[in-house]
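Read the structure below first, then the notes.
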Amino acid sequence: MIHSLFLVNASGDIFLEKHWKSVVSRSVCDYFFEAQERATEPENVPPVIPTPHHYLISVLRHRIYFVAVIQSEVPPLFVIEFLHRVVDTFQDYFGVCTEAAIKDNVVVVYELLEEMLDNGFPLATESNILKELIKPPTILRTMVNTITGSTNVGEQLPTGQLSVVPWRRTGVKYTNNEAYFDVVEEIDAIIDKSGSTITAEIQGVIDACVKLTGMPDLTLSFMNPRLLDDVSFHPCVRFKRWEAERILSFIPPDGNFRLLSYHVSSQNLVAIPVYVKHNISFREGSSQGRFDLTLGPKQTMGKAVESVLVSSQLPRGVLNANLNPSQGTYTFDPVTKMLTWDVGKINPQKLPSLKGTMSLQAGASKPDENPTINIQLKIQQMAISGLKVNRLDMYGEKYKPFKGIKYMTKAGKFQVRT
Amino acid sequence: MTPVERGAEDVYLSRMSTGASYNDQGGAEAAVEAGQESTPTSSGAGAGAGAGAAFGLFSTDFKKNEDLKEMLESNKESLKLEAMKRVVGLIAKGKNASELFPAVVKNVANKNIELKKLVYVYLVRYAEEQQDLALLSISTFQRALKDPNQFIRASALRVLSSIRVPIIVPIMMLAIKESAADMSPYVRKTSAHAIQKLYSLDPDQKEQLIEVIEKLLKDKSTLVAGSVVMAFEEVCPDRIDLIHKNYRKLCNLLVDVEEWGQVVIISMLTRYARTQFISPWKEGAMFDENNEKAFYDSDSEEKKDQMEAKTYIMDPDHRLLLRNTKPLLQSRNTAVVMSVAQLYWHLAPKHEVTIVTKSLVRLLRSHREVQYIVLQNIATMSIQRKGMFEPFMKSFYVRSTDSTHIKTLKLEILTNLANEANISTILREFQTYVKSQDKAFAAATIQAIGRCATNISEVTDTCLNGLVLLLSNRDETVVAESVVVIKKLLQTQPTQHSEIIKHMAKLFDNITVPMARASILWLMGEYCERVPKIAPDVLRKMAKTFTAEEDIVKLQIVNLAAKLYLTNSKQTKLLTQYILNLGKYDQNYDIRDRTRFIRQLIVPSEKSGALNKYARRILLAPKPAPVLESAFKDRDRYQLGTLSHSLNTKASGYQELSDWPAVAPDQSVRNVEVIEPVKEWAPLVGKAKQRKSDEKFYSDEEEEKEEEGSDSSGSEDSSSSSSSSSGEALCLFVCLKVYVFCLVTFILFRV
């Protein structure tokens, strides 16, 4: 399936290659570079590129292209999904997935890639299994493990691959037994010029960090499971139980994992936490434009709106922006024409605003379109859909774990058209 | 990387492939290579010095490798490990480290696990180039294949089968056969992977490998299922008969198979089902009907369904597959979700397909690349089944942060979804897009508006007016695109639009994009009788600028002249002759050619024959309007979710999805003697003991089954045993050869 993998950085250098079958010359990447040159933005490189003898399927993450070489028919999503798993694994192992981190840990990277694919077919992609096979570099590498360790061969092996719960490693021990669940919801919305909502939906995830001894069997129930319209589970969740009782029942993997992602049914009205008053205008013939933006809270159920970041791609004709924020700081990149305003917390008494003028290229005509405003924000201790976890129970082990649940709302793809 | 460097890299690569031994390591390799290249020809002092410096570097590099060799041959494990890590670093960078082969291979039997693993990495990478030396390692793996620990057996088989050295094919074959019967499911899984490797190394082994696949397909472990189906797909995808007996088992195991295996199994079962079951799609005619109305009111659909139910009864096995794949729509793996979606699309009764919609829309929240593929598939689906995605229309609204190909795909889908009810919403949305800063996207939107206008007659006028407004847009590409689309629209209903043509004639002077100019001229010519006063004037202006125009514009000028000559020769005779004269001496031969042709056609002379009489009917014949349709129109000839679908060309190795058989093939082929309840197929806990007990539990049935196949399998058995014994003999011979070889090389090394 997957023949080879090339890692290409932003400046177009191949800095790592790995082959699972016979070696494919790196000149195959020239087709990729060609496509890269043709694309105006890094994101515009097509994910699937045919070449005379191979097919290149690539993903772009952290400004690194992961280019997989394929020789025959295979579902493209299969490859794409796998490449994203590779990136996730690197991130999990090294904290960040950058060129420097990969180069520093090239041996671990190679060992990982060797374990993740056999003859181009995914073998072990579950992080728990991989961590049993290859210890993350943070842990003393002198202890380096594994397959046929001298003494305790049996235990040191990737037993997870064989068990009925392949995602959980065996023999887990903690002195403090804890289970944390973060309910994080993101609002995707498009707001039109007049402030009315064109589309808005809520996507949520429950990320868990479970550090429990032994083989705990957990159940998590919700106060209002009907809110969840469409869900996708970590493989550990028992689907039948969910279908019948709307309860999440599972033996968790050890450590961090995503338990559930869900979509809140579109029948429910989505509360929009902020409003934007804007007045961005360019006048014909003049080289000045006005910029006036005010943010205010709306439907936040009394919670503070924090970490607000406003960004906007200004029209190409704008040379510079001379603005005055009532709070926070703003930057304008004259090359990419990207305006970012780091607002911070919104104080309902004193609404943050950004006012001033933009200077336009002399003689340039008035831009046709006003810029779109992208907003990022966070609201702690609240899930905007109103989803609430009812209780968390543990079976199968005797100790009393510490349990914690945190709610958070974020803006996902939140755009205001002006 | 600069082109020069890349060039150097290529040189380097070609050297590597020829296997020339040549040392190189660490930074400054480009300089080294450049130096090397220049040495033979270097004559100038400067070049000589450069080469000298390069040589200096080169020799230190050489020393570095020497020191790696020393480290590898030392007695200290830590030094060896350090050296191996550096070697792996070299491999990762794509550097040649092949001349260390002998030093590395000696460590293949080392006790240190990490060292051993790194040696394996090295071995697999270079064995192909150093086949003789690679044989040195074989005996180690053969020993490991007999190890009591299943993981050591598995990893030995994994490496052994990854060494692409044709001479060991018999050894590999034997190892695969043995491992396929191993107690540990993990080893069996590895042997399934090894099958594919051996097949790609030596396709002549196909027959023997199919036997192993047949055996492994019977395996009940969830661990093996995915891998063996993968092997099946690679080696013998056409041997559908091997699946019959295992069909129900695979369906039942599916939920517990690891996610990658699920994808492979589902796509194989899709193909299988299309050959074995009859169509659930009521008489094929349903297909188009759906499009028209059935899906807008589900009631009538249901009624029809009930009626149909009398005539069509779904094979229980078909139902089993649909039922067991449905929960997988909830998978976190996007590839699994997509494969279930395509299975439903290709196999489920029409009204059941809608259950995949939500899950597909959910995938749109994922990474950009996932979105791209999913949107492509939705685009194909939405042509045939608008109803499926209409409720989710807003999920396809474009955001300014989407990348261009995502935007165009969303636009495509929105256009497909447009109908009388939602068109006003969609057009309002399109208005925003037209103003986008991304001009390529704005142009695509105008095309989309054109398509909506032709498909939905209610809005044609509104769209046309909107497009005419866009003609005064400041951006050239937008104007040009509008002109082209308006031209197409006018062509579909030319009756009452002389106003628009007049308007375009006025704008003509300000439009510079050749395609747009050509389009306007064509419109003038085609409908010159509707604008009798303006058309000759346009021709006059064009006569002035003829020489400065682009070729496509010139061709249209000639056309316009010809058409005007035929309808209004009094005013335009001289102009036409002037233009035809200009055309006669044009640099472009197409234009000269066309001019000559037109002249013969329209200007009456003695020579021109019968054609002349028909000139008017030829040039001013009513022309069929162009059809504006989706680029995804005929993508459904490929199975959804495949690479071929994504590229819209047949990818190598693509397996065609067959049509439903007219008459259902024999259902009993799938019968297994005793139909076990689902529970028993629960994943086996991989410990050998339990498996044994399981086997005891099943044993009776199994034996019965085996006997069922009686004579044929018996003869097969005997033949296979004889063949395996002959294989063994061959294998022994090869081993002997290998040992002798090892001895010789070792002696050589000592010396």
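Identifiers in this document derive from the order of the structure tokens: chains are assigned A, B, ..., residues are numbered from 1 separately in each chain, and ligands are numbered from 1 in order of occurrence.
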Select, as a PDB file with N, CA and C atoms, in the first residue's frame, those residues of chain B with any atom no more than 6 Å from chain A (distances computed using only C-alpha atoms).
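Produced file iface.pdb, reproduced below:
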```pdb
ATOM      1  N   MET B   1      15.634  23.545  -1.423  1.00  0.00           N
ATOM      2  CA  MET B   1      16.794  23.047  -2.165  1.00  0.00           C
ATOM      3  C   MET B   1      16.883  23.782  -3.506  1.00  0.00           C
ATOM      4  N   ALA B  92      18.135   7.684   6.954  1.00  0.00           N
ATOM      5  CA  ALA B  92      16.966   8.559   6.991  1.00  0.00           C
ATOM      6  C   ALA B  92      17.168   9.757   6.086  1.00  0.00           C
ATOM      7  N   LYS B  93      18.404  10.248   6.031  1.00  0.00           N
ATOM      8  CA  LYS B  93      18.666  11.403   5.172  1.00  0.00           C
ATOM      9  C   LYS B  93      18.794  11.003   3.711  1.00  0.00           C
ATOM     10  N   GLN B 330     -19.680   5.121  13.024  1.00  0.00           N
ATOM     11  CA  GLN B 330     -19.312   5.893  14.216  1.00  0.00           C
ATOM     12  C   GLN B 330     -17.812   5.817  14.495  1.00  0.00           C
ATOM     13  N   SER B 331     -17.068   5.223  13.601  1.00  0.00           N
ATOM     14  CA  SER B 331     -15.639   5.079  13.839  1.00  0.00           C
ATOM     15  C   SER B 331     -14.951   6.441  13.856  1.00  0.00           C
ATOM     16  N   ARG B 332     -13.851   6.510  14.599  1.00  0.00           N
ATOM     17  CA  ARG B 332     -13.091   7.768  14.600  1.00  0.00           C
ATOM     18  C   ARG B 332     -12.187   7.837  13.374  1.00  0.00           C
ATOM     19  N   ALA B 335     -11.228   6.911   7.239  1.00  0.00           N
ATOM     20  CA  ALA B 335     -11.193   5.958   6.123  1.00  0.00           C
ATOM     21  C   ALA B 335     -12.255   4.880   6.317  1.00  0.00           C
ATOM     22  N   GLU B 369      -7.123  17.715   4.053  1.00  0.00           N
ATOM     23  CA  GLU B 369      -6.981  16.658   3.048  1.00  0.00           C
ATOM     24  C   GLU B 369      -8.177  15.714   3.096  1.00  0.00           C
ATOM     25  N   SER B 403      -9.166  26.491   1.661  1.00  0.00           N
ATOM     26  CA  SER B 403      -8.222  26.589   0.552  1.00  0.00           C
ATOM     27  C   SER B 403      -9.000  26.475  -0.766  1.00  0.00           C
ATOM     28  N   LYS B 435     -17.837  38.339  -4.689  1.00  0.00           N
ATOM     29  CA  LYS B 435     -17.010  39.470  -4.277  1.00  0.00           C
ATOM     30  C   LYS B 435     -15.692  39.028  -3.649  1.00  0.00           C
ATOM     31  N   GLY B 641     -14.785   6.536  -3.086  1.00  0.00           N
ATOM     32  CA  GLY B 641     -13.750   6.372  -2.069  1.00  0.00           C
ATOM     33  C   GLY B 641     -12.437   5.841  -2.602  1.00  0.00           C
ATOM     34  N   THR B 642     -12.376   5.516  -3.884  1.00  0.00           N
ATOM     35  CA  THR B 642     -11.132   4.967  -4.404  1.00  0.00           C
ATOM     36  C   THR B 642     -10.234   6.073  -4.952  1.00  0.00           C
ATOM     37  N   LEU B 643      -8.993   5.704  -5.154  1.00  0.00           N
ATOM     38  CA  LEU B 643      -8.035   6.627  -5.750  1.00  0.00           C
ATOM     39  C   LEU B 643      -8.484   6.990  -7.161  1.00  0.00           C
ATOM     40  N   ALA B 651      -6.758   4.144 -11.867  1.00  0.00           N
ATOM     41  CA  ALA B 651      -5.446   3.938 -11.251  1.00  0.00           C
ATOM     42  C   ALA B 651      -5.029   2.497 -11.477  1.00  0.00           C
ATOM     43  N   SER B 652      -3.735   2.258 -11.475  1.00  0.00           N
ATOM     44  CA  SER B 652      -3.281   0.895 -11.706  1.00  0.00           C
ATOM     45  C   SER B 652      -3.744   0.025 -10.540  1.00  0.00           C
ATOM     46  N   GLY B 653      -4.196  -1.163 -10.871  1.00  0.00           N
ATOM     47  CA  GLY B 653      -4.655  -2.070  -9.826  1.00  0.00           C
ATOM     48  C   GLY B 653      -6.085  -1.828  -9.401  1.00  0.00           C
ATOM     49  N   TYR B 654      -6.800  -0.969 -10.118  1.00  0.00           N
ATOM     50  CA  TYR B 654      -8.193  -0.705  -9.749  1.00  0.00           C
ATOM     51  C   TYR B 654      -9.063  -1.896 -10.124  1.00  0.00           C
ATOM     52  N   VAL B 685      -8.708 -14.312  22.846  1.00  0.00           N
ATOM     53  CA  VAL B 685      -7.593 -13.799  23.607  1.00  0.00           C
ATOM     54  C   VAL B 685      -6.408 -14.582  23.119  1.00  0.00           C
ATOM     55  N   GLY B 686      -5.390 -13.829  22.771  1.00  0.00           N
ATOM     56  CA  GLY B 686      -4.330 -14.416  21.968  1.00  0.00           C
ATOM     57  C   GLY B 686      -3.489 -15.478  22.623  1.00  0.00           C
TER      58      GLY B 686
END
```
**OP:** Please indicate the distance in Å from CA of Ile187 (chain A) to CA of Lys386 (chain B), rounded to one decimal place.
**Re:**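 Those two atoms sit 26.8 Å apart.
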**OP:** Go through region 224-253 of chain B and collect every residue that DSSP, computed from the backbone, puts in alpha helix (DSSP H); the answer should be as a list in words.
**Re:** Val224, Ala225, Gly226, Ser227, Val228, Val229, Met230, Ala231, Phe232, Glu233, Glu234, Val235, Tyr247, Arg248, Lys249, Leu250, Cys251, Asn252 and Leu253 of chain B
Take the selection from the previous step and output its residues with all heavy atoms, as a short mmCIF file (atom, residue, chain, number, x, y, z; two decimals), in the first residue's frame.
```
data_model
loop_
_atom_site.label_atom_id
_atom_site.label_comp_id
_atom_site.auth_asym_id
_atom_site.auth_seq_id
_atom_site.Cartn_x
_atom_site.Cartn_y
_atom_site.Cartn_z
N VAL B 224 -5.92 -11.63 12.47
CA VAL B 224 -5.47 -12.10 11.16
C VAL B 224 -6.35 -11.57 10.03
O VAL B 224 -5.87 -11.30 8.94
CB VAL B 224 -5.46 -13.65 11.13
CG1 VAL B 224 -4.87 -14.16 9.84
CG2 VAL B 224 -4.66 -14.19 12.31
N ALA B 225 -7.64 -11.40 10.33
CA ALA B 225 -8.62 -11.15 9.26
C ALA B 225 -8.21 -10.03 8.30
O ALA B 225 -8.20 -10.23 7.09
CB ALA B 225 -9.98 -10.85 9.88
N GLY B 226 -7.88 -8.86 8.86
CA GLY B 226 -7.54 -7.72 8.01
C GLY B 226 -6.35 -8.02 7.11
O GLY B 226 -6.37 -7.76 5.91
N SER B 227 -5.32 -8.60 7.70
CA SER B 227 -4.09 -8.83 6.94
C SER B 227 -4.27 -9.86 5.85
O SER B 227 -3.73 -9.70 4.76
CB SER B 227 -2.98 -9.28 7.89
OG SER B 227 -2.79 -8.32 8.89
N VAL B 228 -5.02 -10.89 6.14
CA VAL B 228 -5.16 -11.93 5.12
C VAL B 228 -6.04 -11.43 3.97
O VAL B 228 -5.78 -11.73 2.80
CB VAL B 228 -5.68 -13.26 5.70
CG1 VAL B 228 -7.10 -13.16 6.16
CG2 VAL B 228 -5.55 -14.35 4.65
N VAL B 229 -7.04 -10.62 4.28
CA VAL B 229 -7.85 -10.06 3.20
C VAL B 229 -7.01 -9.13 2.34
O VAL B 229 -7.12 -9.10 1.12
CB VAL B 229 -9.10 -9.35 3.76
CG1 VAL B 229 -9.83 -8.61 2.66
CG2 VAL B 229 -10.04 -10.35 4.40
N MET B 230 -6.13 -8.41 2.99
CA MET B 230 -5.19 -7.56 2.25
C MET B 230 -4.37 -8.41 1.29
O MET B 230 -4.19 -8.07 0.11
CB MET B 230 -4.29 -6.84 3.25
CG MET B 230 -3.38 -5.82 2.65
SD MET B 230 -4.31 -4.45 1.98
CE MET B 230 -3.49 -4.27 0.41
N ALA B 231 -3.87 -9.54 1.80
CA ALA B 231 -3.07 -10.43 0.96
C ALA B 231 -3.92 -10.96 -0.19
O ALA B 231 -3.47 -11.03 -1.33
CB ALA B 231 -2.53 -11.59 1.80
N PHE B 232 -5.14 -11.30 0.13
CA PHE B 232 -6.08 -11.79 -0.90
C PHE B 232 -6.25 -10.75 -2.00
O PHE B 232 -6.17 -11.05 -3.19
CB PHE B 232 -7.42 -12.10 -0.23
CG PHE B 232 -8.54 -12.40 -1.17
CD1 PHE B 232 -8.70 -13.68 -1.69
CD2 PHE B 232 -9.44 -11.42 -1.54
CE1 PHE B 232 -9.73 -13.95 -2.56
CE2 PHE B 232 -10.47 -11.68 -2.41
CZ PHE B 232 -10.62 -12.96 -2.92
N GLU B 233 -6.46 -9.51 -1.60
CA GLU B 233 -6.67 -8.43 -2.55
C GLU B 233 -5.45 -8.23 -3.44
O GLU B 233 -5.56 -7.86 -4.59
CB GLU B 233 -6.97 -7.12 -1.82
CG GLU B 233 -8.31 -7.09 -1.13
CD GLU B 233 -9.47 -6.84 -2.08
OE1 GLU B 233 -9.87 -7.82 -2.74
OE2 GLU B 233 -9.95 -5.72 -2.17
N GLU B 234 -4.28 -8.45 -2.86
CA GLU B 234 -3.06 -8.21 -3.60
C GLU B 234 -2.73 -9.37 -4.54
O GLU B 234 -2.30 -9.17 -5.65
CB GLU B 234 -1.91 -7.98 -2.63
CG GLU B 234 -0.78 -7.19 -3.22
CD GLU B 234 -0.59 -5.89 -2.46
OE1 GLU B 234 -1.51 -5.06 -2.39
OE2 GLU B 234 0.49 -5.73 -1.91
N VAL B 235 -2.92 -10.58 -4.04
CA VAL B 235 -2.46 -11.74 -4.79
C VAL B 235 -3.54 -12.28 -5.74
O VAL B 235 -3.27 -12.52 -6.91
CB VAL B 235 -2.01 -12.86 -3.82
CG1 VAL B 235 -1.53 -14.07 -4.61
CG2 VAL B 235 -0.90 -12.36 -2.91
N TYR B 247 -17.51 -15.74 4.28
CA TYR B 247 -18.25 -14.48 4.20
C TYR B 247 -18.92 -14.11 5.51
O TYR B 247 -18.73 -13.02 6.04
CB TYR B 247 -19.28 -14.58 3.07
CG TYR B 247 -20.21 -13.41 2.99
CD1 TYR B 247 -19.81 -12.24 2.36
CD2 TYR B 247 -21.47 -13.45 3.58
CE1 TYR B 247 -20.65 -11.15 2.31
CE2 TYR B 247 -22.32 -12.37 3.52
CZ TYR B 247 -21.91 -11.22 2.88
OH TYR B 247 -22.74 -10.14 2.83
N ARG B 248 -19.69 -15.03 6.06
CA ARG B 248 -20.45 -14.71 7.28
C ARG B 248 -19.51 -14.46 8.44
O ARG B 248 -19.75 -13.56 9.26
CB ARG B 248 -21.41 -15.84 7.61
CG ARG B 248 -22.56 -15.85 6.64
CD ARG B 248 -23.47 -17.01 6.85
NE ARG B 248 -24.28 -17.18 5.65
CZ ARG B 248 -24.93 -18.29 5.35
NH1 ARG B 248 -24.89 -19.32 6.15
NH2 ARG B 248 -25.63 -18.35 4.24
N LYS B 249 -18.45 -15.23 8.47
CA LYS B 249 -17.49 -15.04 9.56
C LYS B 249 -16.89 -13.63 9.48
O LYS B 249 -16.82 -12.91 10.47
CB LYS B 249 -16.39 -16.09 9.46
CG LYS B 249 -15.40 -16.01 10.58
CD LYS B 249 -14.12 -16.76 10.25
CE LYS B 249 -13.35 -16.00 9.20
NZ LYS B 249 -12.19 -16.75 8.71
N LEU B 250 -16.48 -13.25 8.27
CA LEU B 250 -15.88 -11.92 8.12
C LEU B 250 -16.87 -10.82 8.52
O LEU B 250 -16.51 -9.87 9.21
CB LEU B 250 -15.43 -11.70 6.67
CG LEU B 250 -14.13 -12.40 6.28
CD1 LEU B 250 -13.88 -12.27 4.79
CD2 LEU B 250 -12.95 -11.84 7.05
N CYS B 251 -18.12 -10.98 8.11
CA CYS B 251 -19.13 -9.99 8.47
C CYS B 251 -19.24 -9.88 9.99
O CYS B 251 -19.33 -8.78 10.54
CB CYS B 251 -20.49 -10.37 7.91
SG CYS B 251 -20.63 -10.09 6.16
N ASN B 252 -19.25 -11.00 10.64
CA ASN B 252 -19.44 -10.98 12.08
C ASN B 252 -18.22 -10.48 12.83
O ASN B 252 -18.33 -9.87 13.88
CB ASN B 252 -19.83 -12.36 12.58
CG ASN B 252 -21.26 -12.69 12.20
OD1 ASN B 252 -22.12 -11.81 12.23
ND2 ASN B 252 -21.51 -13.93 11.79
N LEU B 253 -17.05 -10.78 12.29
CA LEU B 253 -15.82 -10.34 12.96
C LEU B 253 -15.58 -8.85 12.80
O LEU B 253 -14.91 -8.22 13.61
CB LEU B 253 -14.61 -11.07 12.35
CG LEU B 253 -14.34 -12.49 12.74
CD1 LEU B 253 -13.06 -12.95 12.06
CD2 LEU B 253 -14.16 -12.60 14.24
#
```
Subject >> Residue neighbourhood Tyr578 (chain B), 9 Å, only C-alpha atoms, exclusion window fewer than 5 positions, as a PyMOL selection string >> reply: chain B and resi 543+573+583
File of the preceding selection, N, CA and C atoms, as an mmCIF file, in the first residue's frame:
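Dumped to out.cif:
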```cif
data_model
loop_
_atom_site.group_PDB
_atom_site.id
_atom_site.type_symbol
_atom_site.label_atom_id
_atom_site.label_comp_id
_atom_site.auth_asym_id
_atom_site.auth_seq_id
_atom_site.Cartn_x
_atom_site.Cartn_y
_atom_site.Cartn_z
ATOM 1 N N ALA B 543 -12.387 46.146 -37.455
ATOM 2 C CA ALA B 543 -11.549 46.236 -38.644
ATOM 3 C C ALA B 543 -10.325 47.097 -38.352
ATOM 4 N N LYS B 573 -20.234 45.134 -46.948
ATOM 5 C CA LYS B 573 -19.478 44.457 -47.987
ATOM 6 C C LYS B 573 -18.002 44.845 -47.979
ATOM 7 N N GLY B 583 -7.004 39.064 -43.013
ATOM 8 C CA GLY B 583 -6.894 37.672 -42.563
ATOM 9 C C GLY B 583 -6.052 36.839 -43.507
#
```
Original post:
Which is closer to Tyr395 (chain A) than all the others in A:Val205, A:Ala179, A:Met215, A:Leu269, using only C-alpha atoms?
Top reply: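 Closest to Tyr395 (chain A), using only C-alpha atoms: A:Met215.
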**OP:** Might you pull out every residue within 12 Å of Thr547 (chain B), with only C-alpha atoms counted and same-chain residues fewer than 6 positions away left off, and present them as a list in words?
**Re:** Lys541, Val553, Lys554, Leu555, Ile557, Tyr578, Ile579, Leu580, Asn581, Leu582, Gly583, Lys584, Tyr585, Asp586, Gln587, Asn588 and Ile591 of chain B
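Counting only C-alpha atoms, His318 (chain B) has the following residues at most 9 Å away, ignoring those fewer than 2 positions along the same chain: Ala273, Gln276, Phe277, Met314, Asp315, Pro316, Leu320, Leu321, Leu322, Arg323, Leu347 and Ala348 of chain B.
Within the 8 Å cut-off around Gly328 (chain A), using only C-alpha atoms and omitting residues fewer than 3 positions from it on the same chain, the listed residues are Pro325, Trp341, Asp342, Val343 and Gly344 of chain A.
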Output N, CA, C and O atoms of each residue in that selection to a file, as a compact mmCIF listing (two decimals), in the first residue's frame.
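File written: selection-v5.txt
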```txt
# COMPACT_ATOMS: atom_id res chain seq x y z
N PRO A 325 -6.26 50.46 19.59
CA PRO A 325 -7.08 49.53 20.35
C PRO A 325 -7.39 50.07 21.75
O PRO A 325 -6.52 50.68 22.38
N TRP A 341 -5.55 41.10 16.15
CA TRP A 341 -5.79 41.92 17.33
C TRP A 341 -6.00 40.98 18.51
O TRP A 341 -6.97 40.23 18.55
N ASP A 342 -5.04 40.99 19.39
CA ASP A 342 -5.12 40.14 20.58
C ASP A 342 -5.89 40.91 21.65
O ASP A 342 -5.36 41.81 22.27
N VAL A 343 -7.14 40.57 21.84
CA VAL A 343 -8.01 41.37 22.70
C VAL A 343 -7.88 40.96 24.16
O VAL A 343 -7.87 41.79 25.07
N GLY A 344 -7.79 39.67 24.41
CA GLY A 344 -7.80 39.21 25.80
C GLY A 344 -9.23 39.02 26.27
O GLY A 344 -10.07 38.50 25.55
```
**OP:** Pick out the closest residue to Leu467 (chain B) from this set: B:Lys218, B:Lys487, B:Arg596, B:Arg530. Count only C-alpha atoms.
**Re:**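 Selected residue with least distance to Leu467 (chain B): B:Lys487.
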**OP:** Taking the DSSP assignment computed from this structure's backbone, write out as an NGL selection string all residues of region 176-275 of chain A that belong to strand (DSSP E or B).
**Re:** :A and (178-191 or 197-211 or 217-222 or 228-233 or 237 or 247-250 or 255-264 or 274-275)
Output file for the selection above: C-alpha atoms, as an mmCIF file, in the first residue's frame:
```cif
data_model
loop_
_atom_site.group_PDB
_atom_site.id
_atom_site.type_symbol
_atom_site.label_atom_id
_atom_site.label_comp_id
_atom_site.auth_asym_id
_atom_site.auth_seq_id
_atom_site.Cartn_x
_atom_site.Cartn_y
_atom_site.Cartn_z
ATOM 1 C CA GLU A 178 -7.012 9.945 38.471
ATOM 2 C CA ALA A 179 -9.393 10.333 35.581
ATOM 3 C CA TYR A 180 -9.970 13.709 33.976
ATOM 4 C CA PHE A 181 -12.427 14.494 31.258
ATOM 5 C CA ASP A 182 -12.526 17.725 29.288
ATOM 6 C CA VAL A 183 -15.704 18.542 27.449
ATOM 7 C CA VAL A 184 -14.644 20.996 24.767
ATOM 8 C CA GLU A 185 -17.160 22.492 22.382
ATOM 9 C CA GLU A 186 -16.441 24.547 19.330
ATOM 10 C CA ILE A 187 -18.841 26.880 17.619
ATOM 11 C CA ASP A 188 -18.606 27.082 13.863
ATOM 12 C CA ALA A 189 -20.515 30.020 12.578
ATOM 13 C CA ILE A 190 -20.873 32.414 9.705
ATOM 14 C CA ILE A 191 -22.407 35.756 10.635
ATOM 15 C CA THR A 197 -26.474 34.139 11.721
ATOM 16 C CA ILE A 198 -26.192 32.379 8.383
ATOM 17 C CA THR A 199 -25.068 29.074 9.769
ATOM 18 C CA ALA A 200 -24.014 27.977 13.208
ATOM 19 C CA GLU A 201 -23.307 24.571 14.613
ATOM 20 C CA ILE A 202 -21.622 23.071 17.619
ATOM 21 C CA GLN A 203 -19.043 20.351 17.462
ATOM 22 C CA GLY A 204 -17.755 18.888 20.640
ATOM 23 C CA VAL A 205 -15.181 16.443 21.879
ATOM 24 C CA ILE A 206 -14.505 14.758 25.163
ATOM 25 C CA ASP A 207 -10.790 14.422 25.706
ATOM 26 C CA ALA A 208 -9.725 12.234 28.537
ATOM 27 C CA CYS A 209 -6.622 11.812 30.599
ATOM 28 C CA VAL A 210 -6.971 8.569 32.495
ATOM 29 C CA LYS A 211 -4.291 7.354 34.834
ATOM 30 C CA ASP A 217 -14.080 -0.423 33.414
ATOM 31 C CA LEU A 218 -15.675 3.007 33.292
ATOM 32 C CA THR A 219 -19.136 4.225 32.520
ATOM 33 C CA LEU A 220 -19.954 7.815 31.811
ATOM 34 C CA SER A 221 -23.502 9.038 31.562
ATOM 35 C CA PHE A 222 -24.997 12.363 30.544
ATOM 36 C CA LEU A 228 -25.771 14.450 20.873
ATOM 37 C CA ASP A 229 -26.835 14.059 17.296
ATOM 38 C CA ASP A 230 -23.960 12.396 15.595
ATOM 39 C CA VAL A 231 -21.096 10.809 17.471
ATOM 40 C CA SER A 232 -17.874 9.027 16.771
ATOM 41 C CA PHE A 233 -16.118 6.965 19.370
ATOM 42 C CA VAL A 237 -16.420 2.496 23.655
ATOM 43 C CA ILE A 247 -24.249 5.423 28.251
ATOM 44 C CA LEU A 248 -20.556 5.441 27.433
ATOM 45 C CA SER A 249 -19.087 2.230 28.728
ATOM 46 C CA PHE A 250 -15.415 1.513 28.098
ATOM 47 C CA GLY A 255 -3.004 8.252 29.272
ATOM 48 C CA ASN A 256 -4.453 10.869 26.953
ATOM 49 C CA PHE A 257 -7.010 9.999 24.333
ATOM 50 C CA ARG A 258 -10.107 11.342 22.615
ATOM 51 C CA LEU A 259 -13.081 9.444 23.948
ATOM 52 C CA LEU A 260 -15.814 10.938 21.839
ATOM 53 C CA SER A 261 -16.472 13.569 19.264
ATOM 54 C CA TYR A 262 -19.977 14.698 18.667
ATOM 55 C CA HIS A 263 -22.165 17.028 16.741
ATOM 56 C CA VAL A 264 -25.043 18.790 18.430
ATOM 57 C CA VAL A 274 -20.146 37.536 20.997
ATOM 58 C CA TYR A 275 -21.369 40.197 18.673
#
```
**OP:** Figure out the distance between CA of Ile598 (chain B) and CA of Asn612 (chain B), please, to one decimal in Å.
**Re:** 10.2 Å
